[in-house]
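Here's the structure we're looking at; comments come further down.
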Amino acid sequence: MSKFIDSLSDKTSYNEFKYVIQDSGSYGIGAKYSYEECMQCENVPFKFKAIIEHYISKDTMRETTIESHLYYLTEDMFSARTYKELKAKVKIGISEEKRSFFSKRTKRIYSERIMSVDDFTQMSVSEKKQKSVAVYELIISKLALMSFSV
């Protein structure tokens with residue numbers, strides 16, 4: 001029984017952020033997906049696959065994960081402008097100092113934020129490393145995806 005639990009935990013630890021979810025206004029794509037896996041996944045919208053094929057592949061290789069690509073994305077890259085046109089957002093985890101309400105002590109906490117790709121690219125890589133930023137999810141607006149012409 002313990003072997004089953006160990007193998008299950010191994011799978012969930014790596015595949016934890018490999019998912020595609022949607023709500024009424026957006027798609028959420030897990031950041032552990034590589035662009036090649038997105039192309040193979042049937043739950044990823046076809047139009048996003050076409051955008052990967054025509055625009056995002058100009059800046060990065062298909063074996064690159066979304067997490068890695070977004071982490072090192074700069075404002076001057078073509079894919080950054082593509083994500084800006086898609087009104088894409090990034091769900092991240094970030095380490096912050098939190099001041100206690102009653103005492104003057106501070107402690108470091110890890111919180112989640114959703115920010116636009118444009119704002120995320122303005123953070124330098126050294127700042128991201130200093131704040132222990134982890135990319136969880138790419139969020140794409142359905143309306144922006146629908147109106148994007150490939």
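Note on naming: chains are A, B, ... as they come in the structure tokens, residues start from 1 per chain, ligands start from 1 in the order shown.
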
Excluding Ser132 (chain A) and residues on its chain fewer than 3 positions from it, collect all residues at most 7 Å away from it, counting only C-alpha atoms, and give them as a PDB file with C-alpha atoms, in the first residue's frame.
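Saved result, result-v5.pdb, follows:
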ATOM      1  CA  ILE A  94       5.907  35.366  -4.165  1.00  0.00           C
ATOM      2  CA  SER A  95       7.742  35.675  -0.865  1.00  0.00           C
ATOM      3  CA  LYS A 128      12.253  37.529  -9.171  1.00  0.00           C
ATOM      4  CA  LYS A 129      14.997  35.374  -7.657  1.00  0.00           C
TER       5      LYS A 129
END

Item to complete: Fewer than 5 positions away in the same chain doesn't count, so skip those; otherwise give me all residues within 7 Å of Tyr136 (chain A), counting only C-alpha atoms, as number ranges by chain.
Response: A: 17, 30-31, 91-92

Item to complete: Taking the chain letters and numbering used in this document, name the residues of region 48-117 of chain A that DSSP puts in helix (DSSP H, G or I), as a list in words.
Response: Phe48, Lys49, Ala50, Ile51, Ile52, Glu53, His54, Ile56, Ser57, Lys58, Ile66, Glu67, Ser68, His69, Leu70, Tyr71, Phe78, Ser79, Ala80, Arg81, Thr82, Tyr83, Lys84, Glu85 and Val117 of chain A

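Backbone DSSP over region 36-104 of chain A gives strand (DSSP E or B) for Thr65, Lys89, Val90, Lys91, Ile92, Gly93, Ile94, Ser95, Glu96, Glu97, Lys98 and Arg99 of chain A.
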
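Using only C-alpha atoms, the protein and nucleic acid residues lying no more than 10 Å from Glu75 (chain A), apart from those fewer than 5 places from it along its own chain, are A:Ala80, A:Arg81, A:Lys84, A:Val117, A:Asp118, A:Asp119, A:Phe120, A:Thr121, A:Gln122, A:Met123.
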
Could those selected residues go to a file with C-alpha atoms, as an mmCIF file, in the first residue's frame?
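Printed below is part18.cif as written:
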data_model
loop_
_atom_site.group_PDB
_atom_site.id
_atom_site.type_symbol
_atom_site.label_atom_id
_atom_site.label_comp_id
_atom_site.auth_asym_id
_atom_site.auth_seq_id
_atom_site.Cartn_x
_atom_site.Cartn_y
_atom_site.Cartn_z
ATOM 1 C CA ALA A 80 5.755 39.316 -24.669
ATOM 2 C CA ARG A 81 3.894 41.547 -27.121
ATOM 3 C CA LYS A 84 0.082 41.517 -24.043
ATOM 4 C CA VAL A 117 2.290 39.627 -18.242
ATOM 5 C CA ASP A 118 3.233 43.243 -18.956
ATOM 6 C CA ASP A 119 3.742 43.961 -15.242
ATOM 7 C CA PHE A 120 5.494 40.636 -14.719
ATOM 8 C CA THR A 121 8.040 41.314 -17.473
ATOM 9 C CA GLN A 122 8.945 44.616 -15.832
ATOM 10 C CA MET A 123 10.362 42.706 -12.867
#

Fill in: Who sits within 10 Å of region 47-61 of chain A, only C-alpha atoms, same chain under 6 positions skipped, as a PyMOL selection string
chain A and resi 34-36+38-41+69+73+77-83+86+140+145-146+148-150

Print the selection's residues with C-alpha atoms to a file, as a PDB file, in the first residue's frame.
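See selection-v4.pdb below for the written result:
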ATOM      1  CA  SER A  34       5.910  22.667 -22.177  1.00  0.00           C
ATOM      2  CA  TYR A  35       4.720  24.285 -25.374  1.00  0.00           C
ATOM      3  CA  GLU A  36       5.050  20.909 -27.102  1.00  0.00           C
ATOM      4  CA  CYS A  38       0.284  22.155 -25.046  1.00  0.00           C
ATOM      5  CA  MET A  39       0.271  21.344 -28.744  1.00  0.00           C
ATOM      6  CA  GLN A  40      -0.524  17.697 -27.928  1.00  0.00           C
ATOM      7  CA  CYS A  41      -3.138  18.377 -25.249  1.00  0.00           C
ATOM      8  CA  HIS A  69       9.485  31.079 -20.654  1.00  0.00           C
ATOM      9  CA  LEU A  73      10.435  36.829 -20.619  1.00  0.00           C
ATOM     10  CA  MET A  77      10.574  39.787 -26.952  1.00  0.00           C
ATOM     11  CA  PHE A  78       7.907  39.203 -29.595  1.00  0.00           C
ATOM     12  CA  SER A  79       6.084  36.674 -27.426  1.00  0.00           C
ATOM     13  CA  ALA A  80       5.755  39.316 -24.669  1.00  0.00           C
ATOM     14  CA  ARG A  81       3.894  41.547 -27.121  1.00  0.00           C
ATOM     15  CA  THR A  82       1.787  38.542 -28.159  1.00  0.00           C
ATOM     16  CA  TYR A  83       0.837  37.825 -24.543  1.00  0.00           C
ATOM     17  CA  LEU A  86      -3.966  38.342 -25.491  1.00  0.00           C
ATOM     18  CA  ILE A 140      -5.699  33.977 -21.117  1.00  0.00           C
ATOM     19  CA  LEU A 145      -8.256  34.945 -27.692  1.00  0.00           C
ATOM     20  CA  MET A 146     -11.390  35.080 -29.826  1.00  0.00           C
ATOM     21  CA  PHE A 148      -6.861  37.686 -31.910  1.00  0.00           C
ATOM     22  CA  SER A 149      -6.208  37.103 -35.597  1.00  0.00           C
ATOM     23  CA  VAL A 150      -3.592  34.515 -36.509  1.00  0.00           C
TER      24      VAL A 150
END

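For the atom pair formed by CA of Val125 (chain A) and CA of Glu63 (chain A), the distance is 20.8 Å, given to one decimal.
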
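The spacing separating CA of Tyr33 (chain A) from CA of Leu138 (chain A) amounts to 10.2 Å.
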
Fill in: Surrounding residues of region 105-114 of chain A excluding itself and chain neighbours under 2 positions, 8 Å, only C-alpha atoms, as an MDAnalysis selection string
chainID A and resid 89:100 103 116

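One finds CA of Glu137 (chain A) at 17.0 Å from CA of Ser24 (chain A).
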
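Look at Ser141 (chain A): the protein and nucleic acid residues within 7 Å of it, using only C-alpha atoms and passing over chain neighbours fewer than 4 places away, are Gly25, Ser26, Tyr27, Leu86, Lys87, Ala88 and Leu145 of chain A.
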